[in-house]
Every structure is written in C-alpha cells, then in structure tokens.
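S.K.: Dropping in query_27.txt, which is compact mmCIF, C-alpha atoms:
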# COMPACT_ATOMS: atom_id res chain seq x y z
CA MET A 1 -14.54 -7.26 7.83
CA ARG A 2 -17.35 -4.89 6.89
CA LEU A 3 -16.97 -1.18 6.13
CA ALA A 4 -17.86 -0.21 9.72
CA GLU A 5 -15.05 -2.32 11.15
CA LEU A 6 -12.58 -1.12 8.52
CA SER A 7 -13.50 2.43 9.54
CA GLU A 8 -13.08 1.68 13.25
CA ARG A 9 -9.74 -0.09 12.87
CA SER A 10 -8.27 2.51 10.50
CA GLY A 11 -9.69 5.61 12.20
CA VAL A 12 -10.93 6.79 8.78
CA SER A 13 -14.63 7.74 8.59
CA PRO A 14 -16.95 5.60 6.41
CA ALA A 15 -17.65 8.64 4.20
CA THR A 16 -13.91 9.14 3.57
CA ILE A 17 -13.44 5.42 2.84
CA LYS A 18 -16.28 5.59 0.29
CA TYR A 19 -14.62 8.63 -1.26
CA TYR A 20 -11.29 6.76 -1.54
CA LEU A 21 -13.15 3.83 -3.14
CA ARG A 22 -14.78 6.13 -5.71
CA GLU A 23 -11.42 7.77 -6.44
CA GLN A 24 -9.82 4.33 -6.86
CA LEU A 25 -7.31 4.99 -4.11
CA LEU A 26 -8.62 1.90 -2.34
CA GLN A 27 -9.30 -1.38 -4.16
CA PRO A 28 -12.97 -2.51 -3.97
CA GLY A 29 -13.96 -5.14 -1.40
CA VAL A 30 -15.44 -8.51 -2.29
CA LEU A 31 -19.24 -8.25 -2.66
CA VAL A 32 -21.01 -10.62 -0.27
CA THR A 33 -24.53 -9.31 -0.97
CA THR A 34 -25.56 -6.82 -3.63
CA LYS A 35 -25.10 -4.04 -1.09
CA GLN A 36 -22.35 -5.26 1.23
CA ALA A 37 -18.67 -5.81 0.60
CA GLU A 38 -16.08 -7.59 2.69
CA TYR A 39 -12.65 -6.02 3.30
CA GLY A 40 -9.37 -7.62 4.35
CA GLU A 41 -6.05 -6.69 5.97
CA GLU A 42 -4.79 -5.47 2.58
CA HIS A 43 -7.49 -2.78 2.63
CA LEU A 44 -6.45 -1.68 6.10
CA ARG A 45 -2.82 -1.47 4.99
CA ARG A 46 -3.74 0.45 1.87
CA LEU A 47 -5.85 2.91 3.89
CA ARG A 48 -2.82 3.66 6.08
CA LEU A 49 -0.71 4.33 3.03
CA VAL A 50 -3.37 6.58 1.47
CA ARG A 51 -3.52 8.62 4.68
CA ALA A 52 0.28 8.87 4.80
CA LEU A 53 0.34 10.16 1.23
CA ILE A 54 -2.64 12.53 1.38
CA GLN A 55 -2.75 13.76 4.98
CA ILE A 56 0.94 13.80 5.85
CA GLY A 57 2.60 14.04 2.43
CA ARG A 58 -0.12 16.51 1.25
CA ILE A 59 -0.08 14.78 -2.11
CA PRO A 60 -2.96 15.53 -4.51
CA VAL A 61 -5.46 12.69 -5.03
CA ALA A 62 -4.48 12.25 -8.70
CA THR A 63 -0.78 11.89 -7.80
CA ALA A 64 -1.57 9.46 -4.99
CA ARG A 65 -3.51 7.35 -7.52
CA GLU A 66 -0.45 7.28 -9.82
CA VAL A 67 1.82 6.18 -6.97
CA LEU A 68 -0.62 3.45 -5.94
CA THR A 69 -0.99 2.22 -9.53
CA ALA A 70 2.79 1.96 -9.86
CA ILE A 71 2.96 -0.04 -6.64
CA GLN A 72 0.41 -2.57 -7.84
CA SER A 73 1.72 -3.42 -11.30
CA ASP A 74 2.67 -7.07 -10.84
CA ASP A 75 4.60 -7.28 -14.10
CA LEU A 76 7.35 -4.94 -12.87
CA ASP A 77 10.22 -6.14 -10.73
CA GLN A 78 10.76 -4.80 -7.22
CA ASN A 79 13.39 -2.22 -8.15
CA LEU A 80 11.26 -0.78 -10.95
CA ARG A 81 8.18 -0.60 -8.72
CA LEU A 82 10.15 1.12 -5.97
CA GLY A 83 11.74 3.47 -8.47
CA ILE A 84 8.47 4.44 -10.11
CA ALA A 85 6.68 4.84 -6.79
CA VAL A 86 9.34 7.01 -5.18
CA ARG A 87 9.78 9.02 -8.36
CA SER A 88 6.03 9.60 -8.53
CA LEU A 89 6.08 11.26 -5.11
CA PRO A 90 5.80 14.99 -5.68
CA PRO A 91 9.21 16.61 -6.09
CA GLY A 92 10.21 19.96 -4.69
CA PRO A 93 10.49 23.07 -6.84
CA GLU A 94 11.81 22.63 -10.40
CA PRO A 95 15.02 24.34 -11.56
CA GLU A 96 14.57 27.31 -13.89
CA PRO A 97 16.05 26.54 -17.32
CA GLY A 98 18.66 29.02 -18.52
CA ASP A 99 19.56 30.12 -15.00
CA PRO A 100 23.40 30.21 -14.71
CA ALA A 101 23.11 29.10 -11.06
CA VAL A 102 21.41 25.93 -12.30
CA ALA A 103 24.21 25.12 -14.77
CA GLU A 104 26.68 25.54 -11.90
CA ALA A 105 24.50 23.31 -9.70
CA ARG A 106 24.55 20.58 -12.36
CA ARG A 107 28.34 20.68 -12.48
CA GLU A 108 28.65 20.46 -8.69
CA ALA A 109 26.09 17.66 -8.49
CA ALA A 110 28.12 15.72 -11.07
CA LEU A 111 31.30 16.27 -9.02
CA LEU A 112 29.43 15.10 -5.94
CA ALA A 113 28.25 11.99 -7.78
CA ASP A 114 31.86 11.20 -8.72
CA GLU A 115 33.05 11.79 -5.18
CA ILE A 116 30.60 9.37 -3.60
CA GLY A 117 30.53 6.86 -6.46
CA TRP A 118 26.97 7.48 -7.60
CA SER A 119 26.00 7.74 -11.22
CA PHE A 120 23.26 10.33 -11.56
CA GLU A 121 22.36 9.15 -15.07
CA SER A 122 20.95 5.91 -13.69
CA LEU A 123 18.99 7.62 -10.95
CA PRO A 124 15.35 8.77 -10.98
CA GLU A 125 15.00 12.19 -12.53
CA ALA A 126 12.58 13.89 -10.14
CA PRO A 127 14.73 13.99 -6.96
CA HIS A 128 17.71 14.86 -9.14
CA ARG A 129 15.85 17.91 -10.47
CA THR A 130 14.83 18.87 -6.92
CA LEU A 131 18.47 18.68 -5.86
CA ILE A 132 19.58 20.87 -8.78
CA ALA A 133 16.84 23.41 -7.96
CA ALA A 134 17.81 23.49 -4.27
CA LEU A 135 21.50 23.98 -5.13
CA GLY A 136 20.60 26.68 -7.67
CA THR A 137 18.72 28.55 -4.93
CA LEU A 138 21.73 28.36 -2.60
CA ALA A 139 23.97 29.89 -5.26
CA ARG A 140 21.43 32.54 -6.26
CA LEU A 141 21.01 33.66 -2.65
CA GLY A 142 24.78 33.97 -2.27
CA TYR A 143 25.50 30.92 -0.10
CA PRO A 144 28.44 29.20 -1.76
CA TYR A 145 28.68 25.41 -1.74
CA ASP A 146 30.76 22.78 -3.47
CA ALA A 147 30.89 19.00 -3.72
CA ALA A 148 32.96 18.82 -0.51
CA HIS A 149 30.24 20.76 1.38
CA LEU A 150 27.59 18.41 0.02
CA ALA A 151 29.37 15.10 0.53
CA PRO A 152 28.39 14.73 4.23
CA TYR A 153 24.70 15.07 3.25
CA ALA A 154 25.07 12.45 0.52
CA ARG A 155 26.91 10.10 2.86
CA ALA A 156 24.24 10.53 5.56
CA ALA A 157 21.54 9.88 2.93
CA ALA A 158 23.31 6.72 1.72
CA GLU A 159 23.62 5.44 5.29
CA LEU A 160 19.93 6.11 5.95
CA ALA A 161 18.87 4.46 2.68
CA ARG A 162 20.62 1.24 3.69
CA HIS A 163 18.89 1.31 7.07
CA GLU A 164 15.53 2.15 5.46
CA LEU A 165 15.63 -0.74 2.99
CA ASP A 166 16.58 -3.07 5.85
CA VAL A 167 13.46 -1.90 7.69
CA VAL A 168 11.35 -2.30 4.53
CA GLU A 169 12.62 -5.86 4.04
CA GLU A 170 11.13 -6.81 7.40
CA TYR A 171 7.74 -6.62 5.66
CA GLU A 172 6.63 -9.94 4.26
CA THR A 173 5.45 -9.64 0.65
CA PRO A 174 6.94 -7.54 -2.18
CA LEU A 175 3.71 -5.48 -2.28
CA GLU A 176 3.84 -4.75 1.46
CA GLN A 177 7.51 -3.82 1.05
CA VAL A 178 6.81 -1.28 -1.70
CA GLU A 179 3.86 0.14 0.27
CA ALA A 180 6.05 0.52 3.36
CA ALA A 181 8.87 2.09 1.32
CA VAL A 182 6.55 4.79 -0.03
CA ALA A 183 4.86 5.46 3.33
CA LEU A 184 8.15 5.57 5.26
CA THR A 185 9.75 7.86 2.65
CA VAL A 186 7.00 10.40 3.32
CA LEU A 187 6.54 9.83 7.07
CA TYR A 188 10.22 9.98 8.01
CA GLU A 189 10.83 13.36 6.33
CA PRO A 190 9.55 15.35 9.36
CA VAL A 191 11.37 12.90 11.68
CA LEU A 192 14.67 13.55 9.92
CA LEU A 193 14.20 17.34 9.71
CA SER A 194 13.23 17.73 13.37
CA LEU A 195 16.15 15.54 14.50
CA ARG A 196 18.46 17.73 12.41
CA ARG A 197 17.24 20.86 14.21
CA LEU A 198 17.59 19.15 17.58
CA ALA A 199 21.11 18.07 16.68
CA GLN A 200 21.99 21.62 15.61
CA ALA A 201 20.80 22.97 18.95
CA LYS A 202 22.71 20.24 20.77
CA GLU A 203 25.91 20.95 18.81
CA SER A 204 25.52 24.69 19.31
CA GLY A 205 25.15 24.09 23.04
CA ARG A 206 28.28 21.95 23.03
CA ARG A 207 30.31 24.62 21.26
CA TYR A 208 29.00 27.87 22.68
CA GLY A 209 27.61 27.00 26.11
CA GLU A 210 25.39 24.44 27.69
CA ASP A 211 22.41 26.69 28.39
CA CYS A 212 19.43 26.75 26.14
CA PRO A 213 16.77 29.45 26.14
CA PRO A 214 13.50 28.45 27.79
CA GLU A 215 10.22 28.46 25.90
CA GLY A 216 8.85 31.78 24.68
CA GLY A 217 11.70 34.23 24.43
CA ARG A 218 14.73 35.40 26.33
CA PRO A 219 15.99 33.39 29.25
CA GLU A 220 15.16 34.65 32.73
CA THR A 221 18.78 34.43 33.79
CA LEU A 222 19.70 37.43 31.62
CA MET B 1 25.22 51.70 -2.56
CA ARG B 2 21.83 53.16 -3.49
CA LEU B 3 18.53 51.27 -3.58
CA ALA B 4 18.86 50.63 -7.35
CA GLU B 5 22.23 48.92 -6.92
CA LEU B 6 21.01 46.93 -3.90
CA SER B 7 18.13 45.75 -6.07
CA GLU B 8 20.41 44.82 -8.95
CA ARG B 9 22.93 42.96 -6.80
CA SER B 10 20.30 41.07 -4.79
CA GLY B 11 17.90 40.34 -7.62
CA VAL B 12 15.07 41.72 -5.43
CA SER B 13 12.88 44.40 -7.02
CA PRO B 14 12.95 47.95 -5.53
CA ALA B 15 9.24 47.62 -4.63
CA THR B 16 9.90 44.41 -2.67
CA ILE B 17 12.90 45.98 -0.92
CA LYS B 18 10.70 48.93 0.12
CA TYR B 19 8.11 46.47 1.40
CA TYR B 20 10.76 44.64 3.46
CA LEU B 21 11.92 48.01 4.86
CA ARG B 22 8.33 48.94 5.86
CA GLU B 23 7.87 45.51 7.46
CA GLN B 24 11.17 45.93 9.37
CA LEU B 25 12.62 42.79 7.82
CA LEU B 26 15.47 44.92 6.48
CA GLN B 27 17.25 47.49 8.63
CA PRO B 28 16.98 51.09 7.25
CA GLY B 29 19.90 52.53 5.25
CA VAL B 30 21.85 55.62 6.26
CA LEU B 31 20.13 58.78 4.99
CA VAL B 32 22.47 60.83 2.77
CA THR B 33 19.84 63.32 1.62
CA THR B 34 16.26 63.68 2.91
CA LYS B 35 15.15 61.31 0.19
CA GLN B 36 18.08 58.99 -0.45
CA ALA B 37 19.59 56.31 1.73
CA GLU B 38 22.85 54.44 1.42
CA TYR B 39 23.00 50.66 1.86
CA GLY B 40 25.93 48.39 2.69
CA GLU B 41 27.01 44.76 2.40
CA GLU B 42 25.06 43.99 5.58
CA HIS B 43 21.85 44.97 3.76
CA LEU B 44 22.67 42.67 0.87
CA ARG B 45 23.35 39.80 3.26
CA ARG B 46 20.15 40.45 5.17
CA LEU B 47 18.14 40.53 1.91
CA ARG B 48 19.48 37.06 1.03
CA LEU B 49 18.42 35.73 4.40
CA VAL B 50 14.96 37.31 4.12
CA ARG B 51 14.49 35.65 0.72
CA ALA B 52 15.67 32.30 2.09
CA LEU B 53 13.15 32.53 4.93
CA ILE B 54 10.17 33.87 2.98
CA GLN B 55 10.55 32.46 -0.54
CA ILE B 56 12.20 29.11 0.19
CA GLY B 57 11.19 28.46 3.80
CA ARG B 58 7.67 29.88 3.12
CA ILE B 59 7.77 31.52 6.51
CA PRO B 60 5.13 34.18 7.27
CA VAL B 61 6.42 37.76 7.42
CA ALA B 62 5.63 38.10 11.14
CA THR B 63 7.62 34.94 11.96
CA ALA B 64 10.54 36.05 9.80
CA ARG B 65 10.58 39.33 11.75
CA GLU B 66 10.81 37.37 15.03
CA VAL B 67 13.70 35.26 13.73
CA LEU B 68 15.55 38.37 12.53
CA THR B 69 14.97 40.16 15.84
CA ALA B 70 16.41 37.18 17.72
CA ILE B 71 19.46 37.18 15.47
CA GLN B 72 20.19 40.82 16.16
CA SER B 73 19.98 40.97 19.94
CA ASP B 74 23.57 41.80 20.82
CA ASP B 75 23.08 41.11 24.50
CA LEU B 76 22.60 37.38 23.98
CA ASP B 77 25.49 34.99 23.58
CA GLN B 78 26.00 33.00 20.39
CA ASN B 79 24.35 29.81 21.62
CA LEU B 80 21.25 31.65 22.84
CA ARG B 81 20.95 33.57 19.58
CA LEU B 82 21.31 30.40 17.52
CA GLY B 83 18.86 28.56 19.76
CA ILE B 84 16.24 31.28 19.64
CA ALA B 85 16.62 31.76 15.91
CA VAL B 86 16.39 28.07 15.02
CA ARG B 87 13.54 27.56 17.49
CA SER B 88 11.67 30.48 15.94
CA LEU B 89 11.69 28.77 12.55
CA PRO B 90 8.21 27.39 11.98
CA PRO B 91 7.85 23.86 13.29
CA GLY B 92 5.97 21.06 11.62
CA PRO B 93 2.55 19.90 12.83
CA GLU B 94 1.92 19.90 16.58
CA PRO B 95 1.16 16.69 18.50
CA GLU B 96 -2.46 16.27 19.61
CA PRO B 97 -2.71 16.25 23.41
CA GLY B 98 -4.35 13.17 24.90
CA ASP B 99 -3.50 11.00 21.89
CA PRO B 100 -2.10 7.68 23.20
CA ALA B 101 0.22 7.51 20.16
CA VAL B 102 1.78 10.77 21.38
CA ALA B 103 2.43 9.40 24.88
CA GLU B 104 4.14 6.40 23.27
CA ALA B 105 6.14 8.75 21.02
CA ARG B 106 7.37 10.68 24.07
CA ARG B 107 8.56 7.47 25.70
CA GLU B 108 10.41 6.35 22.55
CA ALA B 109 11.95 9.79 22.05
CA ALA B 110 13.24 9.65 25.63
CA LEU B 111 14.74 6.20 24.99
CA LEU B 112 16.30 7.54 21.81
CA ALA B 113 17.77 10.49 23.74
CA ASP B 114 19.31 8.06 26.24
CA GLU B 115 20.69 5.88 23.48
CA ILE B 116 22.51 8.68 21.71
CA GLY B 117 23.41 10.65 24.81
CA TRP B 118 21.18 13.68 24.21
CA SER B 119 19.16 15.27 26.93
CA PHE B 120 15.87 16.45 25.44
CA GLU B 121 15.11 18.66 28.44
CA SER B 122 17.91 21.01 27.50
CA LEU B 123 16.90 21.17 23.85
CA PRO B 124 14.62 23.67 22.09
CA GLU B 125 11.00 22.74 22.48
CA ALA B 126 9.69 23.38 18.94
CA PRO B 127 11.67 20.71 17.00
CA HIS B 128 11.10 18.34 19.91
CA ARG B 129 7.32 18.79 19.56
CA THR B 130 7.60 18.28 15.77
CA LEU B 131 9.48 15.04 16.38
CA ILE B 132 6.83 13.81 18.84
CA ALA B 133 4.06 14.69 16.35
CA ALA B 134 5.84 12.90 13.49
CA LEU B 135 6.39 9.78 15.62
CA GLY B 136 2.76 9.89 16.81
CA THR B 137 1.65 9.90 13.15
CA LEU B 138 3.82 6.86 12.39
CA ALA B 139 2.23 4.91 15.25
CA ARG B 140 -1.31 6.04 14.42
CA LEU B 141 -0.90 4.95 10.81
CA GLY B 142 0.31 1.53 11.93
CA TYR B 143 4.01 1.84 11.10
CA PRO B 144 5.83 0.58 14.17
CA TYR B 145 9.11 2.19 15.21
CA ASP B 146 11.34 2.13 18.26
CA ALA B 147 14.46 3.89 19.49
CA ALA B 148 16.66 1.42 17.56
CA HIS B 149 14.85 2.31 14.30
CA LEU B 150 15.32 6.00 15.01
CA ALA B 151 18.95 5.94 16.13
CA PRO B 152 20.42 6.01 12.59
CA TYR B 153 18.44 9.21 11.85
CA ALA B 154 19.66 10.83 15.06
CA ARG B 155 23.26 9.80 14.35
CA ALA B 156 23.04 11.16 10.80
CA ALA B 157 21.57 14.40 12.15
CA ALA B 158 24.36 14.73 14.76
CA GLU B 159 27.00 14.16 12.07
CA LEU B 160 25.41 16.79 9.82
CA ALA B 161 25.08 19.29 12.68
CA ARG B 162 28.85 19.09 13.32
CA HIS B 163 29.53 19.68 9.63
CA GLU B 164 26.98 22.51 9.47
CA LEU B 165 28.43 24.42 12.41
CA ASP B 166 31.90 23.99 10.88
CA VAL B 167 30.57 25.60 7.69
CA VAL B 168 28.86 28.37 9.70
CA GLU B 169 32.11 29.11 11.56
CA GLU B 170 33.76 29.97 8.25
CA TYR B 171 31.70 33.19 8.34
CA GLU B 172 33.53 36.06 9.95
CA THR B 173 31.39 37.82 12.55
CA PRO B 174 28.98 36.30 15.09
CA LEU B 175 26.07 38.06 13.35
CA GLU B 176 27.03 36.63 9.95
CA GLN B 177 27.37 33.21 11.56
CA VAL B 178 23.89 33.30 13.05
CA GLU B 179 22.45 34.60 9.76
CA ALA B 180 24.15 31.78 7.85
CA ALA B 181 23.00 29.18 10.39
CA VAL B 182 19.37 30.20 9.94
CA ALA B 183 19.58 30.44 6.14
CA LEU B 184 21.42 27.13 5.76
CA THR B 185 19.01 25.36 8.11
CA VAL B 186 16.17 26.29 5.76
CA LEU B 187 18.02 26.01 2.44
CA TYR B 188 19.57 22.58 3.07
CA GLU B 189 16.26 20.91 3.93
CA PRO B 190 15.37 20.25 0.25
CA VAL B 191 19.02 19.29 -0.43
CA LEU B 192 18.91 16.65 2.30
CA LEU B 193 15.47 15.31 1.34
CA SER B 194 16.30 15.01 -2.37
CA LEU B 195 19.63 13.30 -1.62
CA ARG B 196 17.74 10.85 0.61
CA ARG B 197 15.40 9.93 -2.26
CA LEU B 198 18.36 9.60 -4.65
CA ALA B 199 20.14 7.37 -2.14
CA GLN B 200 17.03 5.21 -1.74
CA ALA B 201 16.83 4.72 -5.51
CA LYS B 202 20.53 3.94 -5.63
CA GLU B 203 20.28 1.42 -2.79
CA SER B 204 17.18 -0.16 -4.34
CA GLY B 205 19.10 -0.54 -7.61
CA ARG B 206 22.00 -2.13 -5.79
CA ARG B 207 19.74 -4.67 -4.06
CA TYR B 208 17.12 -5.47 -6.66
CA GLY B 209 18.73 -4.78 -10.03
CA GLU B 210 20.77 -2.07 -11.65
CA ASP B 211 18.14 -0.79 -14.06
CA CYS B 212 16.08 2.26 -13.35
CA PRO B 213 12.88 3.17 -15.15
CA PRO B 214 13.23 5.95 -17.72
CA GLU B 215 11.27 9.17 -17.34
CA GLY B 216 7.50 9.01 -17.63
CA GLY B 217 6.41 5.46 -17.03
CA ARG B 218 7.39 1.87 -17.61
CA PRO B 219 10.77 1.06 -19.06
CA GLU B 220 11.02 0.24 -22.75
CA THR B 221 12.89 -2.98 -22.05
CA LEU B 222 9.77 -4.62 -20.65
Translate the structure described by the file into structure tokens.

M.R.:
Amino acid sequence: MRLAELSERSGVSPATIKYYLREQLLQPGVLVTTKQAEYGEEHLRRLRLVRALIQIGRIPVATAREVLTAIQSDDLDQNLRLGIAVRSLPPGPEPEPGDPAVAEARREAALLADEIGWSFESLPEAPHRTLIAALGTLARLGYPYDAAHLAPYARAAAELARHELDVVEEYETPLEQVEAAVALTVLYEPVLLSLRRLAQAKESGRRYGEDCPPEGGRPETL
Amino acid sequence: MRLAELSERSGVSPATIKYYLREQLLQPGVLVTTKQAEYGEEHLRRLRLVRALIQIGRIPVATAREVLTAIQSDDLDQNLRLGIAVRSLPPGPEPEPGDPAVAEARREAALLADEIGWSFESLPEAPHRTLIAALGTLARLGYPYDAAHLAPYARAAAELARHELDVVEEYETPLEQVEAAVALTVLYEPVLLSLRRLAQAKESGRRYGEDCPPEGGRPETL
C-alpha cells in the first residue's frame, strides 16, 4: 500500500508517519519509483506499536527507538528480546541510594522473592528498582508493609503474566509476539489499574453497604 | 508537638507544612499562644497522606483538597466516604464520545461485568470511564480483546481488593481506615505495575529460556 492508505488504515496522519520514518521508529518502505514507497502489513503493525508506546505509554522518542531496536535484533532469542524490550520500557522513579527505607525495601523484596519462589537476581533490573523505590516510599510515608502484605500482589502478577504470554503466543511470528508483548504491557496498565479501583469500590460496597454515591458529590438520599 | 517537631517527624519542611495549612490540605493545630499551635498524631498521619497524594500520585492541590474533604465528612457512612474518596482520585484519560471503539468497549465491559458478577451501574463512574477509554484505545490500535481476555484482570483485581480492605481494616478508626485506603490505592499502583513486569520477565524466562540479559544491552554470552 502507499503512504496515503497506510495513513488511512492506521489513523496516523501522513506528516506523523513521515516524522516516524525520519526518526527511524518505522522501517522504510520499498521504493517503487524514486519518489514513492510501498508499505506492508508489518508497517501497519509497527505504527500501532509506536502509537501505543508514544501516545499511551508517553515514552520519549529516543526510548521508543531503543525498544524497537531490541525487538528487531534477529540474533537474539525470544526470551532475550522480550527481556530487553520490557526492560527498556521506562521504569518508575528510582530508589534514592543511602536511604534506610530503601535498604529495608531490598530486604523485604528478597523475602518476598523467597516466599513466591522467584529469584530476583535473574530478573530484569529496571522493574526491580521501581519496586524497591515504591516500597521505600511506602515505608518513608509511614505505611508499614512486609512480604506477607506483598505476596497477594506478586501472586496476582504471576497469574496475569501466564495469561498475558498465552495471549501473546496467539500471534504468529516471533517478531509479532514481541511487538504484542510490548504493546500489551503498556496498554493493559490502565486496564488493570481501573479494574482495581472498580474492585475496591465493589468490595467496599459488599462490606459496608450496597449503595454507591452518584456522580458529582453527596448522594441525594442523605 | 510544635511545628518543628511535626516537620522533623514527617520529613516535610516547615515552609511546605505552612503551605499545606494555607491550602487547607492540613487541618489547623490547636493554638496555645497567639503565635504557636500544637499538633497531634492526626496531623502527622494527614501529612503522610497529603504527600502520598501530591508527591507520589501527582494529584493537583485542588483535587487533593476534594479527596481530603470527602474523607472527613462525618455524616457519610464508611462505604460512601470510601467511594467518594477513591472516585475523587484523578482518573486516567477519558473516552472520546462518538468513537465506535468506545461503544464496542462499553459492550465488552458489560459482558465482563456479567461474567464476573459485577454490576457496573452501581460502581463509581470515574474508574469505569477510565476502563472504557483504555479498552477503546486497545481496539483503535488494533489489539483485539474480549470479556474472556479481560476476566483474569478483573479476577486479580477482585482478589487484591479483598486483601486491601483487610489491610485497611487493621487501622483503628473509620477516619484512619479511609485515609489508609486512599493512600494505599495510590502507593500500591507502582508496586503492582513493577511486580507485573517482573512476573512477565520470570514467565518469559520459564517458557523461552532461563537466561536474562545483563544490565545495559546484549548479554556477554552471545
């Protein structure tokens, strides 16, 4: 297909597609004349992923390029490509070195790893650092936690990861699978967080009363 | 305690505490002289919550004030206070009206609600809208989903919500419980998301090979 059709099918403007091409976020098409290039389904798929990363994941262009480069390196096996791609996604805040709350967080994370049978040494560093930083913040703000508090989150995450890789394996080629893994990692974050808030409201209703306040303030029944 | 001690124990500077007092994010202390006020444990607890909302949740001051006002209204029952507080937390992006992907998302969310026995009508609107927007984005970017794909996320969220309200109920008074619910909702979001990425890496290692790339690029063994 030509650029115009790629634009129509992806919903991305021709100017933005040309920008992605210049920034090497999108692989070039095959030149059919000196001025016109032909694009395929792989370009459409890549455009979707770029939009997931940049528009939804709010990832800087340079970082998106790193993720996409990792995905494409044919000489890496599937696990390494997945690992590099997911680790390249921007992490949350970094832990502050020397903070006693961070040392405590490391100890509790190690206990958690024991409890659920994970070995943190063999896991990608970036999400591990984000976890330590998040736990450090909890402790610093005076909200105590321990490995037993954290275990349900880790178990839920392990359950979801199995489901997510099953979904990813429905895609045909290894490249499509890695692309889908990266896109779904980013795109399902708001799905998971909003379902968690809905579930909290549901559980609160179950425990403390079935009513829920209507939109915009206090309920009229009060 | 005096302002200096409140500052020392909370790790919040006296200038920032005075700013929170002016912005009515922190209730005033009890005046002991015309110039000096006395603060209690409830001020310390409130300061922690304010920091969780503003520094970690990146919630605007005006929104934080709304959340805190909802928490304090003694004439509401526990479920209403929790519902209002959690619903006041800033939602994700809003769905675009008239987008066909959003209509589809509403249908799938309703199917999901049936499948897991939730009734979305009785649930807070804000996280529901965030869910619809997130699902609409998935469809628009060409990543198909259906209620069966979503059910594991909803089940994980329901499991976590039960655990979270158990943790919240360890706090003594209803006010402390609502404060903890709001703070933990915000503070556990990065915990959950980083554990999900760790679990994905772990599961990928289990399926495709036990090695994981070392920090900073391709593994040395290649």

S.K.: With all atoms listed in the file as the atoms that count, which of B:Ala113, B:Ala151, B:Ala181, B:Ala156 lies nearest to chain A?

M.R.: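 Result for the nearest residue to chain A: B:Ala156.
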
S.K.: Please, which residues of chain A lie no more than 7 Å from chain B when the count uses only C-alpha atoms, and can they be set out as an mmCIF file with C-alpha atoms, in the coordinates of the input?

M.R.:
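After the write, part-v5.cif holds the following:
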data_model
loop_
_atom_site.group_PDB
_atom_site.id
_atom_site.type_symbol
_atom_site.label_atom_id
_atom_site.label_comp_id
_atom_site.auth_asym_id
_atom_site.auth_seq_id
_atom_site.Cartn_x
_atom_site.Cartn_y
_atom_site.Cartn_z
ATOM 1 C CA ARG A 48 -2.820 3.660 6.080
ATOM 2 C CA GLN A 78 10.760 -4.800 -7.220
ATOM 3 C CA ASN A 79 13.390 -2.220 -8.150
ATOM 4 C CA LEU A 80 11.260 -0.780 -10.950
ATOM 5 C CA GLY A 83 11.740 3.470 -8.470
ATOM 6 C CA ILE A 84 8.470 4.440 -10.110
ATOM 7 C CA SER A 122 20.950 5.910 -13.690
ATOM 8 C CA LEU A 123 18.990 7.620 -10.950
ATOM 9 C CA PRO A 124 15.350 8.770 -10.980
ATOM 10 C CA GLU A 125 15.000 12.190 -12.530
ATOM 11 C CA PRO A 127 14.730 13.990 -6.960
ATOM 12 C CA HIS A 128 17.710 14.860 -9.140
ATOM 13 C CA THR A 130 14.830 18.870 -6.920
ATOM 14 C CA LEU A 131 18.470 18.680 -5.860
ATOM 15 C CA ALA A 134 17.810 23.490 -4.270
ATOM 16 C CA LEU A 138 21.730 28.360 -2.600
ATOM 17 C CA LEU A 141 21.010 33.660 -2.650
ATOM 18 C CA GLY A 142 24.780 33.970 -2.270
ATOM 19 C CA PRO A 152 28.390 14.730 4.230
ATOM 20 C CA TYR A 153 24.700 15.070 3.250
ATOM 21 C CA ALA A 154 25.070 12.450 0.520
ATOM 22 C CA ALA A 156 24.240 10.530 5.560
ATOM 23 C CA ALA A 157 21.540 9.880 2.930
ATOM 24 C CA ALA A 158 23.310 6.720 1.720
ATOM 25 C CA LEU A 160 19.930 6.110 5.950
ATOM 26 C CA ALA A 161 18.870 4.460 2.680
ATOM 27 C CA ARG A 162 20.620 1.240 3.690
ATOM 28 C CA LEU A 187 6.540 9.830 7.070
ATOM 29 C CA PRO A 190 9.550 15.350 9.360
ATOM 30 C CA VAL A 191 11.370 12.900 11.680
ATOM 31 C CA LEU A 192 14.670 13.550 9.920
ATOM 32 C CA SER A 194 13.230 17.730 13.370
ATOM 33 C CA LEU A 195 16.150 15.540 14.500
ATOM 34 C CA ARG A 196 18.460 17.730 12.410
ATOM 35 C CA ARG A 197 17.240 20.860 14.210
ATOM 36 C CA LEU A 198 17.590 19.150 17.580
ATOM 37 C CA ALA A 199 21.110 18.070 16.680
ATOM 38 C CA GLN A 200 21.990 21.620 15.610
ATOM 39 C CA ALA A 201 20.800 22.970 18.950
ATOM 40 C CA LYS A 202 22.710 20.240 20.770
ATOM 41 C CA GLU A 203 25.910 20.950 18.810
ATOM 42 C CA SER A 204 25.520 24.690 19.310
ATOM 43 C CA GLY A 205 25.150 24.090 23.040
ATOM 44 C CA TYR A 208 29.000 27.870 22.680
ATOM 45 C CA GLY A 209 27.610 27.000 26.110
ATOM 46 C CA CYS A 212 19.430 26.750 26.140
ATOM 47 C CA PRO A 213 16.770 29.450 26.140
ATOM 48 C CA GLU A 215 10.220 28.460 25.900
#

S.K.: Select, from B:Gln24, B:Pro97, B:Gly136, B:Glu176, the residue with the minimum atom-to-atom distance to Glu41 (chain B), counting all atoms listed in the file.

M.R.: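 Under the stated criterion, the closest residue is B:Glu176.
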
S.K.: How many Å lie between CA of Arg58 (chain B) and CA of Ala105 (chain A), rounded to one decimal?

M.R.: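 Answer for the CA of Arg58 (chain B) to CA of Ala105 (chain A) separation: 22.2 Å.
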
S.K.: Choose the residue, out of B:Leu26, B:Ala15, B:Leu3, B:Leu31, that has the smallest atom-to-atom separation from Thr69 (chain B); count only C-alpha atoms.

M.R.: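 Distance minimum relative to Thr69 (chain B) lands on B:Leu26.
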
S.K.: Do you have the CA of Ala62 (chain A)-CA of Glu42 (chain A) distance handy?

M.R.: 21.0 Å

S.K.: Have a look at CA of Glu172 (chain A) and CA of Pro144 (chain B) and let me know their distance in Å, one decimal.

M.R.: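 The value is 14.5 Å.
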
S.K.: Can you work out which one of B:Val178, B:Ala139, B:Ala147, B:Gly117 has the shortest atom-to-atom distance to Val102 (chain B), counting all atoms listed in the file?

M.R.: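 Smallest distance to Val102 (chain B) is found for B:Ala139.
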
S.K.: Identify, on the basis of only C-alpha atoms, every residue whose closest approach to Gln36 (chain A) does not exceed 12 Å; exclude the query and any residue fewer than 5 positions from it along the same chain; express the result as an MDAnalysis selection string.

M.R.: chainID A and resid 1:4 28:31

S.K.: Which is closest to Gln72 (chain A) among A:Arg46, A:Leu112, A:Pro100, A:Leu53, if we use all atoms listed in the file?

M.R.: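 Using all atoms listed in the file, Gln72 (chain A) sits closest to A:Arg46.
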
S.K.: Counting all atoms listed in the file, which of B:Ala64, B:Pro174, B:Glu94, B:Leu25 gets nearest to His43 (chain B)?

M.R.: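 For His43 (chain B), the nearest of the given residues is B:Leu25.
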